[in-house]
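Next comes structure_6.cif, a file with mmCIF, C-alpha atoms.
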data_model
loop_
_atom_site.label_atom_id
_atom_site.label_comp_id
_atom_site.auth_asym_id
_atom_site.auth_seq_id
_atom_site.Cartn_x
_atom_site.Cartn_y
_atom_site.Cartn_z
CA MET A 1 -18.47 -1.60 13.53
CA THR A 2 -18.04 2.08 12.74
CA GLN A 3 -17.48 2.75 16.43
CA ILE A 4 -14.67 0.20 16.70
CA SER A 5 -13.09 1.73 13.61
CA ALA A 6 -13.43 5.21 15.07
CA MET A 7 -11.76 4.14 18.34
CA ALA A 8 -8.67 2.81 16.56
CA VAL A 9 -7.11 6.24 16.08
CA PRO A 10 -7.42 7.58 19.64
CA ALA A 11 -6.40 4.17 21.00
CA VAL A 12 -3.21 4.15 18.96
CA ILE A 13 -2.32 7.71 19.95
CA ALA A 14 -2.89 6.90 23.63
CA LEU A 15 -0.89 3.67 23.35
CA PHE A 16 2.09 5.29 21.64
CA ILE A 17 2.34 8.26 23.98
CA GLY A 18 1.53 6.21 27.07
CA MET A 19 4.18 3.62 26.27
CA GLY A 20 6.65 6.33 25.35
CA LEU A 21 6.25 8.05 28.72
CA TYR A 22 6.38 4.72 30.55
CA LYS A 23 9.63 3.80 28.82
CA LYS A 24 10.98 7.29 29.60
CA VAL A 25 11.29 8.20 25.94
CA GLY A 26 11.67 11.90 25.18
CA VAL A 27 8.26 11.90 23.54
CA TYR A 28 8.27 15.49 22.38
CA ASP A 29 11.78 15.36 20.90
CA CYS A 30 10.91 12.07 19.28
CA PHE A 31 7.75 13.55 17.87
CA THR A 32 9.49 16.50 16.25
CA GLU A 33 12.16 14.19 14.83
CA GLY A 34 9.53 11.95 13.23
CA ALA A 35 7.50 14.90 12.00
CA GLY A 36 10.64 16.28 10.40
CA SER A 37 11.27 13.13 8.39
CA ALA A 38 7.60 13.05 7.36
CA LEU A 39 8.04 16.59 6.10
CA LYS A 40 11.05 15.52 4.08
CA SER A 41 9.31 12.55 2.50
CA MET A 42 6.30 14.71 1.72
CA THR A 43 8.38 17.28 -0.14
CA GLY A 44 10.14 14.35 -1.80
CA ILE A 45 6.97 13.03 -3.40
CA LEU A 46 5.63 16.45 -4.42
CA PRO A 47 7.30 16.51 -7.87
CA SER A 48 5.92 13.12 -8.85
CA LEU A 49 2.53 14.03 -7.42
CA VAL A 50 2.40 17.16 -9.58
CA GLY A 51 3.27 15.21 -12.72
CA LEU A 52 0.82 12.42 -12.01
CA MET A 53 -2.08 14.63 -10.97
CA ALA A 54 -1.63 16.62 -14.19
CA ALA A 55 -1.77 13.41 -16.22
CA ILE A 56 -4.81 12.11 -14.33
CA HIS A 57 -6.70 15.36 -14.75
CA MET A 58 -5.93 15.33 -18.47
CA PHE A 59 -7.01 11.72 -18.77
CA ARG A 60 -10.31 12.47 -17.09
CA ALA A 61 -10.97 15.68 -19.02
CA SER A 62 -10.40 13.91 -22.34
CA GLY A 63 -13.39 11.63 -21.85
CA ALA A 64 -11.25 8.48 -21.99
CA PRO A 65 -12.55 7.02 -18.67
CA GLU A 66 -16.11 7.01 -20.02
CA LEU A 67 -14.99 5.14 -23.13
CA LEU A 68 -13.05 2.64 -21.06
CA ALA A 69 -15.96 2.16 -18.68
CA ASP A 70 -18.40 1.62 -21.54
CA PHE A 71 -16.12 -0.99 -22.95
CA LEU A 72 -15.70 -2.83 -19.65
CA SER A 73 -19.10 -2.17 -18.12
CA PRO A 74 -20.48 -5.75 -18.45
CA LEU A 75 -17.56 -7.04 -16.39
CA LEU A 76 -17.68 -4.19 -13.89
CA SER A 77 -21.40 -4.38 -13.24
CA ARG A 78 -21.17 -8.10 -12.51
CA LEU A 79 -18.63 -7.31 -9.80
CA GLY A 80 -20.40 -4.15 -8.64
CA MET A 81 -17.32 -2.01 -9.15
CA PRO A 82 -18.04 1.66 -9.98
CA ALA A 83 -16.34 2.69 -13.22
CA ASP A 84 -14.47 5.51 -11.42
CA VAL A 85 -12.49 2.97 -9.41
CA LEU A 86 -11.30 0.97 -12.42
CA PRO A 87 -8.19 3.06 -13.23
CA LEU A 88 -7.10 2.73 -9.59
CA ALA A 89 -7.50 -1.05 -9.71
CA LEU A 90 -5.32 -1.18 -12.82
CA LEU A 91 -2.59 1.14 -11.50
CA ARG A 92 -2.43 -0.03 -7.89
CA PRO A 93 0.16 -2.83 -8.29
CA ILE A 94 2.36 -0.67 -10.55
CA SER A 95 2.75 2.71 -8.88
CA GLY A 96 2.18 3.88 -5.33
CA SER A 97 2.32 7.60 -6.09
CA ALA A 98 0.03 7.23 -9.12
CA SER A 99 -2.55 5.37 -7.08
CA THR A 100 -2.34 7.94 -4.27
CA ALA A 101 -3.01 10.60 -6.90
CA MET A 102 -5.90 8.53 -8.25
CA VAL A 103 -7.50 8.10 -4.82
CA THR A 104 -7.08 11.83 -4.16
CA ASP A 105 -8.82 12.55 -7.44
CA ILE A 106 -11.76 10.29 -6.56
CA PHE A 107 -12.07 12.00 -3.15
CA GLN A 108 -11.93 15.39 -4.80
CA THR A 109 -14.56 14.73 -7.46
CA LEU A 110 -16.91 12.24 -5.78
CA GLY A 111 -16.10 12.65 -2.10
CA PRO A 112 -14.55 10.19 0.38
CA ASP A 113 -18.00 9.06 1.56
CA SER A 114 -19.30 8.11 -1.90
CA LEU A 115 -19.39 4.42 -2.78
CA ALA A 116 -16.46 4.90 -5.17
CA GLY A 117 -14.60 6.84 -2.47
CA LYS A 118 -15.11 4.07 0.08
CA ILE A 119 -14.11 1.30 -2.30
CA ALA A 120 -11.06 3.29 -3.39
CA SER A 121 -10.08 3.75 0.28
CA VAL A 122 -10.34 0.05 1.07
CA MET A 123 -8.54 -0.95 -2.13
CA MET A 124 -5.74 1.52 -1.48
CA GLY A 125 -5.38 0.51 2.18
CA SER A 126 -5.34 -3.23 1.64
CA THR A 127 -3.01 -3.63 -1.34
CA GLU A 128 0.60 -2.75 -2.09
CA THR A 129 2.75 -1.58 -4.97
CA THR A 130 3.65 -5.13 -5.91
CA PHE A 131 5.96 -4.55 -8.88
CA TYR A 132 7.96 -1.95 -7.00
CA THR A 133 8.32 -4.17 -3.94
CA VAL A 134 9.40 -7.21 -5.97
CA ALA A 135 11.91 -5.10 -7.91
CA VAL A 136 13.39 -3.48 -4.79
CA TYR A 137 13.77 -6.70 -2.81
CA PHE A 138 15.13 -8.95 -5.53
CA GLY A 139 17.16 -6.11 -6.98
CA ALA A 140 18.89 -5.64 -3.63
CA VAL A 141 20.31 -9.18 -3.69
CA GLY A 142 20.67 -9.58 -7.44
CA VAL A 143 18.13 -12.39 -7.77
CA LYS A 144 17.24 -12.97 -11.42
CA ASN A 145 15.08 -16.07 -11.15
CA THR A 146 12.13 -14.95 -9.02
CA ARG A 147 10.20 -18.23 -9.55
CA HIS A 148 6.59 -18.04 -8.36
CA THR A 149 6.87 -14.75 -6.46
CA LEU A 150 5.13 -12.48 -8.95
CA ILE A 151 2.21 -14.85 -9.55
CA ALA A 152 1.65 -15.32 -5.82
CA ALA A 153 1.91 -11.58 -5.15
CA LEU A 154 -0.48 -10.73 -7.96
CA THR A 155 -2.91 -13.38 -6.67
CA ALA A 156 -2.93 -11.44 -3.42
CA ASP A 157 -3.48 -8.16 -5.28
CA ILE A 158 -6.37 -9.43 -7.39
CA THR A 159 -7.97 -10.93 -4.30
CA GLY A 160 -7.54 -7.60 -2.50
CA ILE A 161 -9.06 -5.64 -5.38
CA ILE A 162 -12.10 -7.91 -5.73
CA MET A 163 -12.63 -8.26 -2.00
CA SER A 164 -12.39 -4.50 -1.45
CA VAL A 165 -15.42 -4.08 -3.72
CA LEU A 166 -17.39 -6.90 -2.08
CA ILE A 167 -16.49 -6.16 1.54
CA THR A 168 -17.14 -2.43 1.18
CA GLN A 169 -20.59 -3.06 -0.22
CA TRP A 170 -21.27 -5.59 2.49
CA LEU A 171 -20.07 -3.52 5.47
CA LEU A 172 -20.35 0.16 4.58
CA MET B 1 7.63 1.32 -16.28
CA LEU B 2 6.10 4.53 -14.98
CA ASN B 3 7.77 6.41 -17.84
CA TYR B 4 5.57 4.59 -20.31
CA ILE B 5 2.42 4.75 -18.20
CA TRP B 6 2.77 8.46 -17.54
CA GLY B 7 3.73 9.36 -21.09
CA GLY B 8 1.14 7.00 -22.56
CA MET B 9 -1.59 8.41 -20.35
CA ILE B 10 -0.92 11.98 -21.50
CA LEU B 11 -0.65 11.05 -25.18
CA LEU B 12 -3.75 8.87 -24.99
CA SER B 13 -5.68 11.70 -23.31
CA LEU B 14 -4.71 14.10 -26.07
CA ILE B 15 -5.61 11.65 -28.84
CA VAL B 16 -8.95 10.75 -27.25
CA SER B 17 -9.74 14.42 -26.68
CA LEU B 18 -9.38 15.02 -30.43
CA PHE B 19 -12.24 12.58 -31.01
CA THR B 20 -14.40 13.72 -28.13
CA GLY B 21 -13.81 17.37 -29.05
CA ARG B 22 -12.44 18.23 -25.64
CA ILE B 23 -8.91 19.16 -26.55
CA GLU B 24 -9.05 22.57 -24.88
CA GLU B 25 -10.44 21.18 -21.63
CA THR B 26 -7.78 18.48 -21.64
CA ALA B 27 -4.94 20.95 -22.03
CA ALA B 28 -6.39 23.14 -19.29
CA ALA B 29 -6.69 20.09 -17.04
CA ALA B 30 -2.91 19.70 -16.98
CA VAL B 31 -2.63 23.03 -15.18
CA THR B 32 -5.47 22.43 -12.73
CA GLY B 33 -4.10 18.96 -11.98
CA ALA B 34 -0.64 20.30 -11.24
CA SER B 35 -1.87 23.04 -8.94
CA SER B 36 -4.27 20.71 -7.12
CA ALA B 37 -1.32 18.41 -6.36
CA VAL B 38 0.37 21.28 -4.53
CA GLU B 39 -2.81 22.23 -2.66
CA ILE B 40 -3.35 18.65 -1.52
CA SER B 41 0.25 18.27 -0.36
CA LEU B 42 -0.06 21.42 1.69
CA THR B 43 -3.27 20.32 3.40
CA LEU B 44 -1.87 16.85 4.01
CA LEU B 45 1.43 18.06 5.37
CA GLY B 46 0.23 18.75 8.92
CA ILE B 47 -1.51 15.41 9.38
CA MET B 48 1.36 13.48 7.85
CA CYS B 49 3.84 15.15 10.21
CA LEU B 50 1.56 14.35 13.14
CA TRP B 51 1.54 10.64 12.29
CA GLY B 52 5.21 10.58 11.43
CA GLY B 53 5.98 12.01 14.86
CA LEU B 54 3.73 9.54 16.67
CA ALA B 55 5.22 6.60 14.78
CA LYS B 56 8.70 7.66 15.88
CA ILE B 57 7.57 7.64 19.51
CA GLY B 58 6.20 4.12 19.04
CA GLU B 59 9.46 2.99 17.51
CA ARG B 60 11.57 4.40 20.37
CA ALA B 61 9.21 3.03 23.00
CA GLY B 62 9.88 -0.51 21.83
CA LEU B 63 6.51 -1.29 20.28
CA ILE B 64 8.28 -3.15 17.49
CA ASP B 65 9.98 -5.52 19.95
CA LEU B 66 6.69 -6.14 21.70
CA LEU B 67 4.83 -7.10 18.53
CA ALA B 68 7.79 -9.11 17.32
CA ARG B 69 7.49 -11.42 20.32
CA LEU B 70 3.86 -12.10 19.45
CA LEU B 71 4.72 -13.02 15.87
CA HIS B 72 7.20 -15.83 16.55
CA PRO B 73 4.76 -18.76 16.19
CA LEU B 74 3.48 -17.43 12.87
CA LEU B 75 7.00 -17.38 11.52
CA ARG B 76 7.53 -21.08 12.10
CA LEU B 77 4.49 -21.74 9.93
CA LEU B 78 5.52 -19.50 7.06
CA PHE B 79 9.25 -20.19 6.97
CA PRO B 80 9.61 -23.89 7.83
CA ASP B 81 13.06 -24.15 6.17
CA LEU B 82 14.50 -21.43 8.33
CA ASP B 83 16.84 -22.46 11.10
CA LYS B 84 15.77 -21.51 14.62
CA GLN B 85 19.02 -19.71 15.28
CA SER B 86 19.15 -17.97 11.92
CA PRO B 87 19.65 -14.20 12.22
CA ALA B 88 17.22 -13.89 9.30
CA ARG B 89 14.33 -14.70 11.67
CA GLY B 90 14.69 -11.58 13.75
CA LYS B 91 15.06 -9.43 10.67
CA ILE B 92 11.96 -10.90 9.05
CA ILE B 93 9.98 -10.31 12.24
CA LEU B 94 11.11 -6.69 12.44
CA ASN B 95 10.15 -6.20 8.80
CA ILE B 96 6.65 -7.67 9.28
CA THR B 97 6.13 -5.62 12.43
CA ALA B 98 7.18 -2.36 10.82
CA ASN B 99 4.73 -3.09 8.03
CA LEU B 100 1.94 -3.75 10.53
CA LEU B 101 2.60 -0.46 12.26
CA GLY B 102 2.61 1.38 8.95
CA MET B 103 6.25 2.41 9.22
CA GLY B 104 6.91 1.97 5.53
CA ASN B 105 10.17 3.91 5.71
CA ALA B 106 11.50 1.55 8.34
CA ALA B 107 10.03 -1.62 6.84
CA THR B 108 11.86 -1.55 3.53
CA PRO B 109 15.44 -1.32 4.85
CA LEU B 110 14.63 -4.01 7.44
CA GLY B 111 13.18 -6.24 4.72
CA ILE B 112 16.19 -5.75 2.49
CA ASP B 113 18.39 -6.64 5.43
CA ALA B 114 16.35 -9.83 5.85
CA ILE B 115 16.51 -10.85 2.20
CA ARG B 116 20.28 -10.24 2.13
CA GLU B 117 20.60 -12.68 5.00
CA LEU B 118 18.36 -15.19 3.21
CA ASN B 119 20.48 -14.83 0.08
CA ARG B 120 23.63 -15.43 2.09
CA ILE B 121 22.37 -18.79 3.37
CA SER B 122 20.78 -19.73 0.04
CA PRO B 123 22.09 -22.91 -1.61
CA LYS B 124 21.70 -21.28 -5.01
CA PRO B 125 22.47 -17.56 -5.01
CA GLY B 126 20.76 -15.69 -7.84
CA SER B 127 17.59 -17.75 -7.50
CA ALA B 128 14.79 -16.96 -5.07
CA THR B 129 14.43 -19.57 -2.34
CA ASN B 130 11.02 -20.43 -0.89
CA ALA B 131 11.76 -18.22 2.09
CA MET B 132 12.70 -15.27 -0.11
CA CYS B 133 9.52 -15.62 -2.16
CA MET B 134 7.45 -15.79 1.00
CA LEU B 135 9.13 -12.69 2.43
CA VAL B 136 8.41 -10.69 -0.72
CA VAL B 137 4.82 -11.93 -0.89
CA LEU B 138 4.32 -10.90 2.76
CA ASN B 139 5.62 -7.45 1.86
CA THR B 140 3.38 -7.05 -1.16
CA ALA B 141 0.31 -8.14 0.80
CA SER B 142 1.10 -6.65 4.16
CA ILE B 143 -1.59 -5.66 6.61
CA GLN B 144 -1.38 -2.11 7.89
CA LEU B 145 -3.15 -1.73 11.22
CA LEU B 146 -3.59 2.01 10.84
CA PRO B 147 -3.50 3.34 7.26
CA THR B 148 -2.51 6.84 8.31
CA THR B 149 -1.99 8.43 4.89
CA LEU B 150 -5.41 7.28 3.82
CA LEU B 151 -7.02 8.52 7.03
CA SER B 152 -5.39 11.92 6.54
CA LEU B 153 -6.58 12.07 2.97
CA ARG B 154 -10.15 11.15 3.90
CA GLN B 155 -10.15 13.75 6.66
CA THR B 156 -8.74 16.39 4.34
CA PHE B 157 -11.60 15.88 1.91
CA GLY B 158 -14.22 16.21 4.63
CA SER B 159 -15.28 12.62 5.23
CA SER B 160 -17.96 12.39 7.92
CA ALA B 161 -16.39 9.16 9.22
CA PRO B 162 -12.76 9.01 8.08
CA ALA B 163 -11.98 5.91 10.13
CA GLU B 164 -14.93 3.74 9.08
CA ILE B 165 -12.79 2.07 6.43
CA ILE B 166 -10.36 0.55 8.93
CA ILE B 167 -12.15 -2.72 9.64
CA PRO B 168 -13.06 -3.33 5.98
CA ILE B 169 -9.37 -2.75 5.20
CA TRP B 170 -8.31 -5.31 7.81
CA LEU B 171 -10.72 -7.91 6.43
CA THR B 172 -9.73 -7.27 2.84
CA SER B 173 -6.02 -7.37 3.70
CA ILE B 174 -6.43 -10.67 5.51
CA CYS B 175 -8.18 -12.17 2.46
CA ALA B 176 -5.42 -10.90 0.17
CA LEU B 177 -2.70 -12.12 2.53
CA ILE B 178 -4.21 -15.59 2.82
CA ALA B 179 -4.57 -15.77 -0.97
CA GLY B 180 -0.94 -14.72 -1.41
CA ILE B 181 0.45 -17.15 1.17
CA THR B 182 -1.64 -20.02 -0.19
CA ALA B 183 -0.55 -19.27 -3.75
CA ALA B 184 3.10 -19.10 -2.66
CA LYS B 185 2.88 -22.40 -0.77
CA LEU B 186 1.08 -24.19 -3.61
CA LEU B 187 3.30 -22.83 -6.35
CA GLU B 188 6.67 -23.41 -4.71
CA ARG B 189 6.52 -27.08 -5.70
CA ARG B 190 5.68 -26.26 -9.31
CA TYR B 191 8.63 -23.91 -9.65
CA PRO B 192 11.56 -25.89 -8.29
CA LEU B 193 14.62 -23.98 -7.19
#
Let me see whether you can do it: turn the structure in this file into structure tokens.
Amino acid sequence: MTQISAMAVPAVIALFIGMGLYKKVGVYDCFTEGAGSALKSMTGILPSLVGLMAAIHMFRASGAPELLADFLSPLLSRLGMPADVLPLALLRPISGSASTAMVTDIFQTLGPDSLAGKIASVMMGSTETTFYTVAVYFGAVGVKNTRHTLIAALTADITGIIMSVLITQWLL
Amino acid sequence: MLNYIWGGMILLSLIVSLFTGRIEETAAAAVTGASSAVEISLTLLGIMCLWGGLAKIGERAGLIDLLARLLHPLLRLLFPDLDKQSPARGKIILNITANLLGMGNAATPLGIDAIRELNRISPKPGSATNAMCMLVVLNTASIQLLPTTLLSLRQTFGSSAPAEIIIPIWLTSICALIAGITAAKLLERRYPL
């Protein structure tokens, strides 16, 4: 299992470059072009990352997560979700940059290989910023009546959040 | 929405810290948090550029077209109302494919293109048709074959096996996607257009 996962990265790199050369794409020029736009988007998110990381650090330093976890611990322990992951689960559908900051914080304090770090990784990788997506798409065409979209999308999110806890404990 | 969450989080932290007697630590944490955001961005920058560059090569080499061909049968299942000749089909396929390949920057404009087309052929503009709902649900529960940002982040923080989360992510995403599609299909009758 871990080996298949580990092979995914080199396989994708080989596939992309191999196909690029085969199709006579200017792979190096293409690479620098793509790297340039990644640089731009990275500097674009820096301001929000600074603001959010400051808020998250304050939140943690205040002792609020412990209070929240105490309050919700019966529910969490039944699911097997570490208390450190709870804020991520709550923020994930609302803000992409806030949940990136949250995952970073978990990696920083507990490490990416801790149980919380693994669950946070799987949760982050398998869910999306639902509210943002719904707003962008329906906003673009001026749809006011979104019918069942939000319920269906949140069903997917809740499933993803619960399954990320269960599947991580089962496989990793 | 983020205005309230961000502001609320800071105010809540300060109020709680009064009770827990950690007001000084909390104020200091704002500074450490801000500077750690910059440190992380710097360490991530190289890896993000690497993946951004590789993704561009994939895009130019026609990987999107290749995957799109494989996805045609799935589309018939998810969008039964959609005409075979409809230009929306191709756009939806490109959107799904860009999501699969983790090209978030490319996926959103393609998806908006697709939903514009769906809105154009909608019998009731201003209301979401079944196809529009399904498209948005697919985008909120999309599977990313290679979660590159996450891999970079795990590597940056010294994970001994940064990629071990890939298969659990696939499995979890599939569960979430199936739940989302099922919910959309079941609910579309209860919320008539």
Shell around Ala88 (chain B) at 9 Å using all atoms listed in the file, local window under 3 positions removed, as a list of chain:residue names: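 Contacts, in chain order: B:Leu82, B:Asp83, B:Gln85, B:Lys91, B:Ile92, B:Ile93, B:Asp113, B:Ala114, B:Ile115, B:Arg116, B:Glu117, B:Leu118.
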Gap from CA of Ser41 (chain B) to CA of Thr43 (chain A) - Å, one decimal: 8.2 Å
Residues near Ser173 (chain B), cut-off 8 Å, only C-alpha atoms, skip fewer than 2 positions along chain, as a list in words: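 Here the qualifying residues turn out to be Ser126, Thr127 and Gly160 of chain A; Ala141, Ser142, Ile143, Ile169, Trp170, Leu171, Cys175, Ala176 and Leu177 of chain B.
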Residue IDs satisfying the PyMOL selection byres ((chain B and resi 190) around 12), as a PyMOL selection string: (chain A and resi 147-149+151) or (chain B and resi 130+183-189+191-193)
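Each of A:Ile167, A:Leu172, A:Ala98, A:Leu72 was checked against Asp113 (chain A) using all atoms listed in the file; the smallest atom-to-atom distance is that of A:Leu172.
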Selection: 9 Å around Leu44 (chain B), all atoms listed in the file, excl. self and same-chain fewer than 3 positions, as a ChimeraX atom specification: /A:42 /B:39-41,47-49,149,152-153,156
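Every protein, DNA or RNA residue with an atom at most 12 Å from Glu25 (chain B), where only C-alpha atoms count and chain neighbours fewer than 2 positions away do not, is listed here: His57, Met58, Phe59, Arg60, Ala61, Ser62 and Gly63 of chain A; Ser13, Leu14, Val16, Ser17, Leu18, Thr20, Gly21, Arg22, Ile23, Ala27, Ala28, Ala29, Ala30, Val31, Thr32 and Gly33 of chain B.
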Take the residues just selected and output them with C-alpha atoms as an mmCIF file, keeping the file's coordinate frame.
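Okay, part.cif is ready:
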data_model
loop_
_atom_site.group_PDB
_atom_site.id
_atom_site.type_symbol
_atom_site.label_atom_id
_atom_site.label_comp_id
_atom_site.auth_asym_id
_atom_site.auth_seq_id
_atom_site.Cartn_x
_atom_site.Cartn_y
_atom_site.Cartn_z
ATOM 1 C CA HIS A 57 -6.700 15.360 -14.750
ATOM 2 C CA MET A 58 -5.930 15.330 -18.470
ATOM 3 C CA PHE A 59 -7.010 11.720 -18.770
ATOM 4 C CA ARG A 60 -10.310 12.470 -17.090
ATOM 5 C CA ALA A 61 -10.970 15.680 -19.020
ATOM 6 C CA SER A 62 -10.400 13.910 -22.340
ATOM 7 C CA GLY A 63 -13.390 11.630 -21.850
ATOM 8 C CA SER B 13 -5.680 11.700 -23.310
ATOM 9 C CA LEU B 14 -4.710 14.100 -26.070
ATOM 10 C CA VAL B 16 -8.950 10.750 -27.250
ATOM 11 C CA SER B 17 -9.740 14.420 -26.680
ATOM 12 C CA LEU B 18 -9.380 15.020 -30.430
ATOM 13 C CA THR B 20 -14.400 13.720 -28.130
ATOM 14 C CA GLY B 21 -13.810 17.370 -29.050
ATOM 15 C CA ARG B 22 -12.440 18.230 -25.640
ATOM 16 C CA ILE B 23 -8.910 19.160 -26.550
ATOM 17 C CA ALA B 27 -4.940 20.950 -22.030
ATOM 18 C CA ALA B 28 -6.390 23.140 -19.290
ATOM 19 C CA ALA B 29 -6.690 20.090 -17.040
ATOM 20 C CA ALA B 30 -2.910 19.700 -16.980
ATOM 21 C CA VAL B 31 -2.630 23.030 -15.180
ATOM 22 C CA THR B 32 -5.470 22.430 -12.730
ATOM 23 C CA GLY B 33 -4.100 18.960 -11.980
#
Result set of the PyMOL selection byres ((chain B and resi 71-78) around 10) on the coordinates above, as a PyMOL selection string: chain B and resi 66-70+79-84+89-90+92-94+96-97+130-131+134-135+138+181+185
Distance of CA of Gly53 (chain B) from CA of Met19 (chain A), expressed in Å to one decimal place: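 Distance reported for this atom pair: 14.3 Å.
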What's around region 80-93 of chain A at 9 Å? Count only C-alpha atoms, leave out sequence neighbours fewer than 4 positions away in its own chain, and write the answer as a PDB file with C-alpha atoms, keeping the file's coordinate frame.
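Saved file out20.pdb follows:
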ATOM      1  CA  PRO A  65     -12.550   7.020 -18.670  1.00  0.00           C
ATOM      2  CA  GLU A  66     -16.110   7.010 -20.020  1.00  0.00           C
ATOM      3  CA  LEU A  68     -13.050   2.640 -21.060  1.00  0.00           C
ATOM      4  CA  ALA A  69     -15.960   2.160 -18.680  1.00  0.00           C
ATOM      5  CA  ASP A  70     -18.400   1.620 -21.540  1.00  0.00           C
ATOM      6  CA  LEU A  72     -15.700  -2.830 -19.650  1.00  0.00           C
ATOM      7  CA  SER A  73     -19.100  -2.170 -18.120  1.00  0.00           C
ATOM      8  CA  LEU A  75     -17.560  -7.040 -16.390  1.00  0.00           C
ATOM      9  CA  LEU A  76     -17.680  -4.190 -13.890  1.00  0.00           C
ATOM     10  CA  ALA A  98       0.030   7.230  -9.120  1.00  0.00           C
ATOM     11  CA  SER A  99      -2.550   5.370  -7.080  1.00  0.00           C
ATOM     12  CA  THR A 100      -2.340   7.940  -4.270  1.00  0.00           C
ATOM     13  CA  MET A 102      -5.900   8.530  -8.250  1.00  0.00           C
ATOM     14  CA  VAL A 103      -7.500   8.100  -4.820  1.00  0.00           C
ATOM     15  CA  ILE A 106     -11.760  10.290  -6.560  1.00  0.00           C
ATOM     16  CA  LEU A 115     -19.390   4.420  -2.780  1.00  0.00           C
ATOM     17  CA  ALA A 116     -16.460   4.900  -5.170  1.00  0.00           C
ATOM     18  CA  GLY A 117     -14.600   6.840  -2.470  1.00  0.00           C
ATOM     19  CA  ILE A 119     -14.110   1.300  -2.300  1.00  0.00           C
ATOM     20  CA  ALA A 120     -11.060   3.290  -3.390  1.00  0.00           C
ATOM     21  CA  MET A 123      -8.540  -0.950  -2.130  1.00  0.00           C
ATOM     22  CA  MET A 124      -5.740   1.520  -1.480  1.00  0.00           C
ATOM     23  CA  THR A 127      -3.010  -3.630  -1.340  1.00  0.00           C
ATOM     24  CA  GLU A 128       0.600  -2.750  -2.090  1.00  0.00           C
ATOM     25  CA  THR A 129       2.750  -1.580  -4.970  1.00  0.00           C
ATOM     26  CA  THR A 130       3.650  -5.130  -5.910  1.00  0.00           C
ATOM     27  CA  PHE A 131       5.960  -4.550  -8.880  1.00  0.00           C
ATOM     28  CA  TYR A 132       7.960  -1.950  -7.000  1.00  0.00           C
ATOM     29  CA  LEU A 154      -0.480 -10.730  -7.960  1.00  0.00           C
ATOM     30  CA  ASP A 157      -3.480  -8.160  -5.280  1.00  0.00           C
ATOM     31  CA  ILE A 158      -6.370  -9.430  -7.390  1.00  0.00           C
ATOM     32  CA  ILE A 161      -9.060  -5.640  -5.380  1.00  0.00           C
ATOM     33  CA  ILE A 162     -12.100  -7.910  -5.730  1.00  0.00           C
ATOM     34  CA  VAL A 165     -15.420  -4.080  -3.720  1.00  0.00           C
ATOM     35  CA  LEU A 166     -17.390  -6.900  -2.080  1.00  0.00           C
ATOM     36  CA  GLN A 169     -20.590  -3.060  -0.220  1.00  0.00           C
TER      37      GLN A 169
ATOM     38  CA  THR B 140       3.380  -7.050  -1.160  1.00  0.00           C
TER      39      THR B 140
END
Counting only C-alpha atoms, the residue of B:Leu101, B:Ser122, B:Thr43, B:Gly62 that sits nearest Arg154 (chain B):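 Smallest distance to Arg154 (chain B) is found for B:Thr43.
Computed from the coordinates, the CA of Gly20 (chain A) to CA of Ile57 (chain B) distance equals 6.1 Å.
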Nearest to chain A, chosen from B:Glu24, B:Tyr4, B:Leu50, B:Gly102, with only C-alpha atoms counted in the distances: B:Leu50
